[in-house]
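Let me begin by presenting the structure, written as structure tokens, before commenting on it.
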Amino acid sequence: MITSIAAVHSAQLGRARAGGGAVVVVATVQSLAILALLRGVGGTADAGARAAVVSGAVLTVVAFIAWNLLAQRLAALKAGGGLDYYGTLPVRPAAVVLGFCSSYAVFAVPGVVLTAVAGMALFGLPFAQVWVLIPAAVTGAVAFGGLGALSGLGPARPETATLAGQLGLTAVMFAGLIPPGPLPGWVAAARAATPLAYDVDAFASALTSHPDWPGIALRLAGSALFGVCCLALAARAYGRSLNR
């Protein structure tokens, strides 16, 4: 299983580097531009709001690549018969899905690091707990990668996968880049309950002067569990497509 995942990961990471470098630049520049805009608009906001904006921008990079881009890539391969190649090999569907997801997650690392460092410096946030970025990015990659794989492998038409990826990215930007404080009560409650905001809130809490460590651990665990469920559903969807 591990060997199969590593093989798929290496192959897809090489393809992503060859053809998707510009996409990573776009995803990173987009988040940096949003940070600069929000810094000019709300630079005097409280530390909690500034931490939420920076955290949301960082996780938006992950969502752009691990959800939106991965969904489009898998949908195109599925429609063109490219995934049938893996069906001829002694490789389990779960290994194929995990290999694709891990490759796109690694592909997002430079943009995540650059956005985090630039955002924290721009908004004057402490760097003491920046290490929380590692587990938050990992669990975010699991969750968004699982959603990306499910969006790309589940729908019958590739256009639906593209729409799902775009709508998902929009939802992550809403949940991440709008601080929950000004939102109406019921909207803030719905946002806090959705798994899309778990990693954003976890990293944002770590960027404040008094991190909520039990809350951070609980949110990261919930995000990871949600992502595992999405990956399992994506593997089943891929397996069903091979048996048709």
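How things are named: the first chain in the structure tokens is A, the next is B, and so on; residues count from 1 in each chain; ligands count from 1 in the order shown.
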Q: From the DSSP assignment of the backbone, select every residue of stretch 2-242 of chain A that is alpha helix (DSSP H), and format the answer as an MDAnalysis selection string.
A: chainID A and resid 2:19 21:42 47:63 70:80 84:87 93:107 109:122 133:153 158:177 185:193 198:206 213:242
Show me, as JSON lines, the residues of stretch 55-145 of chain A having an atom within 10 Å of stretch 200-215 of chain A, each with the closest atom pair and its distance in Å, using only C-alpha atoms.
{"residue": "A:Ser55", "atom": "CA", "partner": "A:Ala204", "partner_atom": "CA", "distance": 5.3}
{"residue": "A:Gly56", "atom": "CA", "partner": "A:Val200", "partner_atom": "CA", "distance": 5.5}
{"residue": "A:Ala57", "atom": "CA", "partner": "A:Val200", "partner_atom": "CA", "distance": 8.8}
{"residue": "A:Val58", "atom": "CA", "partner": "A:Val200", "partner_atom": "CA", "distance": 8.3}
{"residue": "A:Leu59", "atom": "CA", "partner": "A:Val200", "partner_atom": "CA", "distance": 6.5}
{"residue": "A:Thr60", "atom": "CA", "partner": "A:Val200", "partner_atom": "CA", "distance": 9.1}
{"residue": "A:Met120", "atom": "CA", "partner": "A:Leu207", "partner_atom": "CA", "distance": 8.4}
{"residue": "A:Leu125", "atom": "CA", "partner": "A:Leu207", "partner_atom": "CA", "distance": 6.5}
{"residue": "A:Pro126", "atom": "CA", "partner": "A:Leu207", "partner_atom": "CA", "distance": 6.4}
{"residue": "A:Phe127", "atom": "CA", "partner": "A:Leu207", "partner_atom": "CA", "distance": 7.5}
{"residue": "A:Ala128", "atom": "CA", "partner": "A:Leu207", "partner_atom": "CA", "distance": 8.1}
{"residue": "A:Gln129", "atom": "CA", "partner": "A:Ala206", "partner_atom": "CA", "distance": 5.8}
{"residue": "A:Val130", "atom": "CA", "partner": "A:Leu207", "partner_atom": "CA", "distance": 7.1}
{"residue": "A:Trp131", "atom": "CA", "partner": "A:Ala206", "partner_atom": "CA", "distance": 9.0}
{"residue": "A:Val132", "atom": "CA", "partner": "A:Phe203", "partner_atom": "CA", "distance": 6.3}
{"residue": "A:Leu133", "atom": "CA", "partner": "A:Phe203", "partner_atom": "CA", "distance": 6.3}
{"residue": "A:Ile134", "atom": "CA", "partner": "A:Phe203", "partner_atom": "CA", "distance": 9.5}
{"residue": "A:Pro135", "atom": "CA", "partner": "A:Phe203", "partner_atom": "CA", "distance": 9.0}
{"residue": "A:Ala136", "atom": "CA", "partner": "A:Phe203", "partner_atom": "CA", "distance": 6.3}
{"residue": "A:Ala137", "atom": "CA", "partner": "A:Phe203", "partner_atom": "CA", "distance": 8.9}
{"residue": "A:Gly140", "atom": "CA", "partner": "A:Val200", "partner_atom": "CA", "distance": 8.5}
Take the residues from that selection and write them out as a compact mmCIF listing (two decimals), in the first residue's frame, keeping all heavy atoms.
# COMPACT_ATOMS: atom_id res chain seq x y z
N SER A 55 -4.90 33.44 8.75
CA SER A 55 -5.14 32.01 8.72
C SER A 55 -6.01 31.63 7.53
O SER A 55 -5.75 30.63 6.83
CB SER A 55 -5.80 31.55 10.02
OG SER A 55 -6.06 30.16 10.00
N GLY A 56 -7.04 32.42 7.27
CA GLY A 56 -7.90 32.13 6.13
C GLY A 56 -7.17 32.22 4.82
O GLY A 56 -7.40 31.42 3.90
N ALA A 57 -6.29 33.21 4.67
CA ALA A 57 -5.52 33.34 3.43
C ALA A 57 -4.60 32.15 3.23
O ALA A 57 -4.43 31.66 2.11
CB ALA A 57 -4.72 34.65 3.47
N VAL A 58 -3.99 31.67 4.31
CA VAL A 58 -3.09 30.51 4.20
C VAL A 58 -3.86 29.27 3.76
O VAL A 58 -3.44 28.56 2.84
CB VAL A 58 -2.39 30.26 5.55
CG1 VAL A 58 -1.61 28.95 5.51
CG2 VAL A 58 -1.45 31.41 5.88
N LEU A 59 -4.99 29.01 4.39
CA LEU A 59 -5.76 27.82 4.05
C LEU A 59 -6.44 27.95 2.70
O LEU A 59 -6.78 26.93 2.08
CB LEU A 59 -6.78 27.52 5.15
CG LEU A 59 -6.30 26.64 6.32
CD1 LEU A 59 -5.85 25.28 5.81
CD2 LEU A 59 -5.17 27.30 7.09
N THR A 60 -6.63 29.17 2.22
CA THR A 60 -7.18 29.36 0.88
C THR A 60 -6.22 28.82 -0.18
O THR A 60 -6.64 28.26 -1.20
CB THR A 60 -7.48 30.85 0.62
OG1 THR A 60 -8.51 31.28 1.51
CG2 THR A 60 -7.95 31.07 -0.80
N MET A 120 1.73 37.15 8.48
CA MET A 120 2.04 37.43 9.88
C MET A 120 2.88 38.69 10.02
O MET A 120 2.69 39.47 10.96
CB MET A 120 2.73 36.21 10.49
CG MET A 120 1.83 34.98 10.58
SD MET A 120 2.72 33.46 10.99
CE MET A 120 3.20 33.82 12.67
N LEU A 125 1.60 39.89 13.61
CA LEU A 125 1.23 38.79 14.50
C LEU A 125 2.47 38.09 15.03
O LEU A 125 3.51 38.06 14.35
CB LEU A 125 0.35 37.79 13.73
CG LEU A 125 -0.99 38.35 13.24
CD1 LEU A 125 -1.69 37.31 12.38
CD2 LEU A 125 -1.88 38.75 14.41
N PRO A 126 2.41 37.51 16.22
CA PRO A 126 3.59 36.83 16.79
C PRO A 126 3.93 35.55 16.05
O PRO A 126 3.05 34.83 15.60
CB PRO A 126 3.15 36.54 18.23
CG PRO A 126 1.65 36.48 18.17
CD PRO A 126 1.25 37.48 17.13
N PHE A 127 5.22 35.29 15.95
CA PHE A 127 5.71 34.09 15.26
C PHE A 127 5.96 32.93 16.24
O PHE A 127 6.40 31.87 15.81
CB PHE A 127 7.01 34.39 14.52
CG PHE A 127 6.81 35.09 13.21
CD1 PHE A 127 6.56 36.46 13.17
CD2 PHE A 127 6.88 34.40 12.01
CE1 PHE A 127 6.37 37.11 11.97
CE2 PHE A 127 6.70 35.05 10.80
CZ PHE A 127 6.45 36.41 10.77
N ALA A 128 5.66 33.12 17.52
CA ALA A 128 6.02 32.11 18.52
C ALA A 128 5.34 30.77 18.27
O ALA A 128 5.94 29.71 18.49
CB ALA A 128 5.67 32.63 19.93
N GLN A 129 4.08 30.80 17.83
CA GLN A 129 3.33 29.55 17.65
C GLN A 129 3.15 29.20 16.17
O GLN A 129 2.21 28.50 15.81
CB GLN A 129 1.94 29.68 18.31
CG GLN A 129 1.95 30.23 19.71
CD GLN A 129 2.72 29.35 20.68
OE1 GLN A 129 2.96 28.18 20.44
NE2 GLN A 129 3.13 29.93 21.81
N VAL A 130 4.06 29.69 15.33
CA VAL A 130 3.90 29.44 13.90
C VAL A 130 4.02 27.96 13.56
O VAL A 130 3.56 27.52 12.50
CB VAL A 130 4.95 30.26 13.11
CG1 VAL A 130 6.36 29.71 13.33
CG2 VAL A 130 4.60 30.30 11.62
N TRP A 131 4.59 27.17 14.47
CA TRP A 131 4.72 25.73 14.21
C TRP A 131 3.35 25.06 14.06
O TRP A 131 3.25 23.99 13.44
CB TRP A 131 5.49 25.06 15.34
CG TRP A 131 4.86 25.18 16.70
CD1 TRP A 131 5.08 26.15 17.63
CD2 TRP A 131 3.87 24.31 17.27
NE1 TRP A 131 4.30 25.94 18.74
CE2 TRP A 131 3.56 24.82 18.55
CE3 TRP A 131 3.24 23.16 16.82
CZ2 TRP A 131 2.62 24.20 19.37
CZ3 TRP A 131 2.31 22.55 17.63
CH2 TRP A 131 2.01 23.06 18.90
N VAL A 132 2.29 25.67 14.58
CA VAL A 132 0.95 25.10 14.42
C VAL A 132 0.54 25.08 12.95
O VAL A 132 -0.36 24.33 12.56
CB VAL A 132 -0.07 25.89 15.27
CG1 VAL A 132 -1.48 25.34 15.13
CG2 VAL A 132 0.34 25.87 16.74
N LEU A 133 1.22 25.88 12.13
CA LEU A 133 0.95 25.85 10.69
C LEU A 133 1.15 24.44 10.12
O LEU A 133 0.42 24.04 9.19
CB LEU A 133 1.87 26.84 9.97
CG LEU A 133 1.81 26.84 8.44
CD1 LEU A 133 0.43 27.25 7.96
CD2 LEU A 133 2.88 27.76 7.87
N ILE A 134 2.10 23.69 10.65
CA ILE A 134 2.39 22.35 10.11
C ILE A 134 1.20 21.41 10.27
O ILE A 134 0.68 20.88 9.28
CB ILE A 134 3.66 21.77 10.75
CG1 ILE A 134 4.87 22.66 10.42
CG2 ILE A 134 3.90 20.33 10.27
CD1 ILE A 134 6.15 22.23 11.09
N PRO A 135 0.70 21.17 11.52
CA PRO A 135 -0.46 20.29 11.62
C PRO A 135 -1.71 20.87 10.96
O PRO A 135 -2.53 20.12 10.41
CB PRO A 135 -0.66 20.12 13.13
CG PRO A 135 0.03 21.29 13.75
CD PRO A 135 1.18 21.59 12.85
N ALA A 136 -1.87 22.20 10.99
CA ALA A 136 -3.06 22.80 10.37
C ALA A 136 -3.02 22.62 8.86
O ALA A 136 -4.06 22.31 8.24
CB ALA A 136 -3.15 24.29 10.72
N ALA A 137 -1.85 22.77 8.26
CA ALA A 137 -1.73 22.58 6.81
C ALA A 137 -1.91 21.11 6.44
O ALA A 137 -2.52 20.79 5.41
CB ALA A 137 -0.38 23.08 6.33
N GLY A 140 -5.58 20.30 6.92
CA GLY A 140 -6.29 21.01 5.87
C GLY A 140 -6.11 20.33 4.52
O GLY A 140 -7.06 20.24 3.73
Distance table requested - stretch 80-167 of chain A against stretch 234-241 of chain A, cut-off 12 Å, only C-alpha atoms: one row per qualifying residue with the closest atom pair and its distance in Å to one decimal, ordered by chain and rising residue number, as a tab-separated table.
residue	atom	partner	partner_atom	distance
A:Gly81	CA	A:Ser241	CA	10.4
A:Leu83	CA	A:Tyr238	CA	8.8
A:Asp84	CA	A:Ser241	CA	9.0
A:Tyr86	CA	A:Tyr238	CA	10.5
A:Gly87	CA	A:Gly239	CA	8.7
A:Val91	CA	A:Gly239	CA	11.0
A:Arg92	CA	A:Gly239	CA	8.5
A:Pro93	CA	A:Ala235	CA	5.4
A:Ala94	CA	A:Ala235	CA	5.0
A:Ala95	CA	A:Ala235	CA	8.4
A:Val96	CA	A:Ala235	CA	8.0
A:Val97	CA	A:Ala235	CA	6.1
A:Leu98	CA	A:Ala235	CA	8.6
A:Gly99	CA	A:Ala235	CA	11.3
A:Phe100	CA	A:Ala235	CA	11.2
A:Cys101	CA	A:Ala234	CA	10.7
A:Ala143	CA	A:Ala234	CA	11.9
A:Gly145	CA	A:Ala234	CA	10.0
A:Gly146	CA	A:Ala234	CA	7.0
A:Leu147	CA	A:Ala234	CA	8.1
A:Gly148	CA	A:Ala234	CA	8.8
A:Ala149	CA	A:Ala234	CA	5.7
A:Leu150	CA	A:Ala234	CA	4.4
A:Ser151	CA	A:Ala234	CA	8.1
A:Gly152	CA	A:Ala234	CA	8.4
A:Leu153	CA	A:Tyr238	CA	5.9
A:Gly154	CA	A:Ala237	CA	5.5
A:Pro155	CA	A:Ala237	CA	8.9
A:Ala156	CA	A:Ser241	CA	9.2
Writing out the chosen residues with N, CA, C and O atoms as an mmCIF file, in the first residue's frame:
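Below you can see out-v8.cif, which holds the result:
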data_model
loop_
_atom_site.group_PDB
_atom_site.id
_atom_site.type_symbol
_atom_site.label_atom_id
_atom_site.label_comp_id
_atom_site.auth_asym_id
_atom_site.auth_seq_id
_atom_site.Cartn_x
_atom_site.Cartn_y
_atom_site.Cartn_z
ATOM 1 N N GLY A 81 -10.276 8.905 -19.763
ATOM 2 C CA GLY A 81 -9.810 7.524 -19.637
ATOM 3 C C GLY A 81 -8.424 7.389 -19.049
ATOM 4 O O GLY A 81 -7.863 6.278 -19.019
ATOM 5 N N LEU A 83 -7.484 7.582 -15.968
ATOM 6 C CA LEU A 83 -7.457 6.809 -14.727
ATOM 7 C C LEU A 83 -7.577 5.314 -14.974
ATOM 8 O O LEU A 83 -7.285 4.512 -14.077
ATOM 9 N N ASP A 84 -8.011 4.919 -16.173
ATOM 10 C CA ASP A 84 -8.131 3.488 -16.470
ATOM 11 C C ASP A 84 -6.776 2.799 -16.446
ATOM 12 O O ASP A 84 -6.696 1.587 -16.227
ATOM 13 N N TYR A 86 -4.484 3.115 -14.201
ATOM 14 C CA TYR A 86 -4.243 2.602 -12.852
ATOM 15 C C TYR A 86 -5.106 1.385 -12.565
ATOM 16 O O TYR A 86 -4.753 0.554 -11.724
ATOM 17 N N GLY A 87 -6.255 1.284 -13.255
ATOM 18 C CA GLY A 87 -7.105 0.118 -13.065
ATOM 19 C C GLY A 87 -6.499 -1.157 -13.600
ATOM 20 O O GLY A 87 -6.897 -2.254 -13.194
ATOM 21 N N VAL A 91 -2.996 -2.065 -8.077
ATOM 22 C CA VAL A 91 -2.979 -0.945 -7.139
ATOM 23 C C VAL A 91 -4.386 -0.727 -6.625
ATOM 24 O O VAL A 91 -5.339 -0.646 -7.411
ATOM 25 N N ARG A 92 -4.537 -0.633 -5.336
ATOM 26 C CA ARG A 92 -5.850 -0.438 -4.751
ATOM 27 C C ARG A 92 -6.350 0.980 -5.028
ATOM 28 O O ARG A 92 -5.556 1.930 -5.121
ATOM 29 N N PRO A 93 -7.661 1.150 -5.179
ATOM 30 C CA PRO A 93 -8.210 2.502 -5.414
ATOM 31 C C PRO A 93 -7.799 3.502 -4.343
ATOM 32 O O PRO A 93 -7.542 4.673 -4.649
ATOM 33 N N ALA A 94 -7.733 3.065 -3.096
ATOM 34 C CA ALA A 94 -7.343 3.987 -2.025
ATOM 35 C C ALA A 94 -5.927 4.507 -2.227
ATOM 36 O O ALA A 94 -5.637 5.676 -1.943
ATOM 37 N N ALA A 95 -5.030 3.651 -2.732
ATOM 38 C CA ALA A 95 -3.650 4.080 -2.966
ATOM 39 C C ALA A 95 -3.582 5.125 -4.071
ATOM 40 O O ALA A 95 -2.803 6.089 -3.997
ATOM 41 N N VAL A 96 -4.406 4.958 -5.115
ATOM 42 C CA VAL A 96 -4.431 5.939 -6.202
ATOM 43 C C VAL A 96 -4.923 7.286 -5.682
ATOM 44 O O VAL A 96 -4.324 8.337 -5.948
ATOM 45 N N VAL A 97 -6.012 7.267 -4.951
ATOM 46 C CA VAL A 97 -6.576 8.514 -4.420
ATOM 47 C C VAL A 97 -5.598 9.188 -3.471
ATOM 48 O O VAL A 97 -5.360 10.405 -3.549
ATOM 49 N N LEU A 98 -4.992 8.436 -2.572
ATOM 50 C CA LEU A 98 -4.049 9.016 -1.616
ATOM 51 C C LEU A 98 -2.806 9.538 -2.318
ATOM 52 O O LEU A 98 -2.239 10.561 -1.916
ATOM 53 N N GLY A 99 -2.370 8.855 -3.365
ATOM 54 C CA GLY A 99 -1.212 9.329 -4.109
ATOM 55 C C GLY A 99 -1.468 10.660 -4.779
ATOM 56 O O GLY A 99 -0.628 11.577 -4.738
ATOM 57 N N PHE A 100 -2.635 10.803 -5.391
ATOM 58 C CA PHE A 100 -2.997 12.076 -6.018
ATOM 59 C C PHE A 100 -3.104 13.183 -4.968
ATOM 60 O O PHE A 100 -2.571 14.279 -5.145
ATOM 61 N N CYS A 101 -3.805 12.906 -3.878
ATOM 62 C CA CYS A 101 -4.016 13.927 -2.850
ATOM 63 C C CYS A 101 -2.707 14.369 -2.211
ATOM 64 O O CYS A 101 -2.472 15.565 -2.005
ATOM 65 N N ALA A 143 -8.362 17.274 4.498
ATOM 66 C CA ALA A 143 -9.781 17.619 4.317
ATOM 67 C C ALA A 143 -10.060 18.134 2.914
ATOM 68 O O ALA A 143 -10.963 17.642 2.218
ATOM 69 N N GLY A 145 -8.090 17.954 0.253
ATOM 70 C CA GLY A 145 -7.732 16.951 -0.738
ATOM 71 C C GLY A 145 -8.801 15.881 -0.867
ATOM 72 O O GLY A 145 -9.116 15.433 -1.974
ATOM 73 N N GLY A 146 -9.382 15.480 0.268
ATOM 74 C CA GLY A 146 -10.474 14.519 0.206
ATOM 75 C C GLY A 146 -11.678 15.070 -0.526
ATOM 76 O O GLY A 146 -12.306 14.384 -1.332
ATOM 77 N N LEU A 147 -11.999 16.337 -0.268
ATOM 78 C CA LEU A 147 -13.108 16.972 -0.980
ATOM 79 C C LEU A 147 -12.789 17.130 -2.464
ATOM 80 O O LEU A 147 -13.664 16.979 -3.320
ATOM 81 N N GLY A 148 -11.533 17.442 -2.777
ATOM 82 C CA GLY A 148 -11.143 17.568 -4.174
ATOM 83 C C GLY A 148 -11.241 16.241 -4.912
ATOM 84 O O GLY A 148 -11.745 16.185 -6.047
ATOM 85 N N ALA A 149 -10.773 15.166 -4.279
ATOM 86 C CA ALA A 149 -10.869 13.847 -4.904
ATOM 87 C C ALA A 149 -12.320 13.424 -5.071
ATOM 88 O O ALA A 149 -12.708 12.876 -6.112
ATOM 89 N N LEU A 150 -13.130 13.693 -4.059
ATOM 90 C CA LEU A 150 -14.547 13.331 -4.145
ATOM 91 C C LEU A 150 -15.257 14.164 -5.208
ATOM 92 O O LEU A 150 -16.100 13.644 -5.954
ATOM 93 N N SER A 151 -14.902 15.445 -5.317
ATOM 94 C CA SER A 151 -15.515 16.306 -6.329
ATOM 95 C C SER A 151 -15.110 15.888 -7.732
ATOM 96 O O SER A 151 -15.892 16.010 -8.677
ATOM 97 N N GLY A 152 -13.888 15.385 -7.888
ATOM 98 C CA GLY A 152 -13.427 14.998 -9.205
ATOM 99 C C GLY A 152 -13.854 13.616 -9.639
ATOM 100 O O GLY A 152 -14.103 13.377 -10.830
ATOM 101 N N LEU A 153 -13.988 12.694 -8.684
ATOM 102 C CA LEU A 153 -14.297 11.301 -9.010
ATOM 103 C C LEU A 153 -15.772 10.968 -8.869
ATOM 104 O O LEU A 153 -16.251 10.019 -9.492
ATOM 105 N N GLY A 154 -16.493 11.734 -8.055
ATOM 106 C CA GLY A 154 -17.891 11.416 -7.832
ATOM 107 C C GLY A 154 -18.820 11.768 -8.975
ATOM 108 O O GLY A 154 -19.564 10.910 -9.472
ATOM 109 N N PRO A 155 -18.822 13.025 -9.449
ATOM 110 C CA PRO A 155 -19.762 13.403 -10.523
ATOM 111 C C PRO A 155 -19.479 12.674 -11.834
ATOM 112 O O PRO A 155 -18.327 12.333 -12.132
ATOM 113 N N ALA A 156 -20.528 12.464 -12.603
ATOM 114 C CA ALA A 156 -20.372 11.785 -13.880
ATOM 115 C C ALA A 156 -19.791 12.708 -14.947
ATOM 116 O O ALA A 156 -19.109 12.260 -15.863
#
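Distances to A:Leu74 were evaluated for A:Ala161, A:Ala221, A:Ala190, A:Val138 using only C-alpha atoms, and the minimum falls at A:Ala161.
Proximity ranking of A:Ala51, A:Val106, A:Val142, A:Leu89 relative to A:Leu242 places A:Leu89 first, based on only C-alpha atoms.
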With the cut-off set at 12 Å and counting only C-alpha atoms, tabulate each residue of stretch 88-204 of chain A with an atom at most that distance from an atom of stretch 20-42 of chain A, showing the nearest atom pair and its distance in Å to one decimal, ordered by chain and increasing number, as a Markdown table.
| residue | atom | partner | partner_atom | distance |
| --- | --- | --- | --- | --- |
| A:Ser103 | CA | A:Gly20 | CA | 11.9 |
| A:Tyr104 | CA | A:Gly20 | CA | 10.0 |
| A:Ala105 | CA | A:Val24 | CA | 11.3 |
| A:Val106 | CA | A:Val24 | CA | 11.2 |
| A:Phe107 | CA | A:Val24 | CA | 7.8 |
| A:Ala108 | CA | A:Val24 | CA | 6.8 |
| A:Val109 | CA | A:Val24 | CA | 9.5 |
| A:Pro110 | CA | A:Val24 | CA | 8.4 |
| A:Gly111 | CA | A:Thr28 | CA | 5.1 |
| A:Val112 | CA | A:Thr28 | CA | 7.5 |
| A:Val113 | CA | A:Thr28 | CA | 9.6 |
| A:Leu114 | CA | A:Thr28 | CA | 7.7 |
| A:Thr115 | CA | A:Leu32 | CA | 6.2 |
| A:Ala116 | CA | A:Leu32 | CA | 9.3 |
| A:Val117 | CA | A:Leu32 | CA | 10.4 |
| A:Ala118 | CA | A:Leu32 | CA | 7.6 |
| A:Gly119 | CA | A:Leu35 | CA | 6.5 |
| A:Met120 | CA | A:Leu35 | CA | 9.9 |
| A:Ala121 | CA | A:Leu35 | CA | 10.9 |
| A:Leu122 | CA | A:Arg39 | CA | 7.4 |
| A:Phe123 | CA | A:Arg39 | CA | 6.9 |
| A:Gly124 | CA | A:Arg39 | CA | 10.4 |
| A:Leu169 | CA | A:Ala27 | CA | 11.0 |
| A:Met173 | CA | A:Ser31 | CA | 9.7 |
| A:Gly176 | CA | A:Ser31 | CA | 11.2 |
| A:Leu177 | CA | A:Ile34 | CA | 8.6 |
| A:Ile178 | CA | A:Leu38 | CA | 10.0 |
| A:Pro179 | CA | A:Gly42 | CA | 11.0 |
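The closest residue to A:Ser4, picked from A:Pro182, A:Pro158, A:Pro90, A:Gly222 and counting only C-alpha atoms, is A:Pro90.
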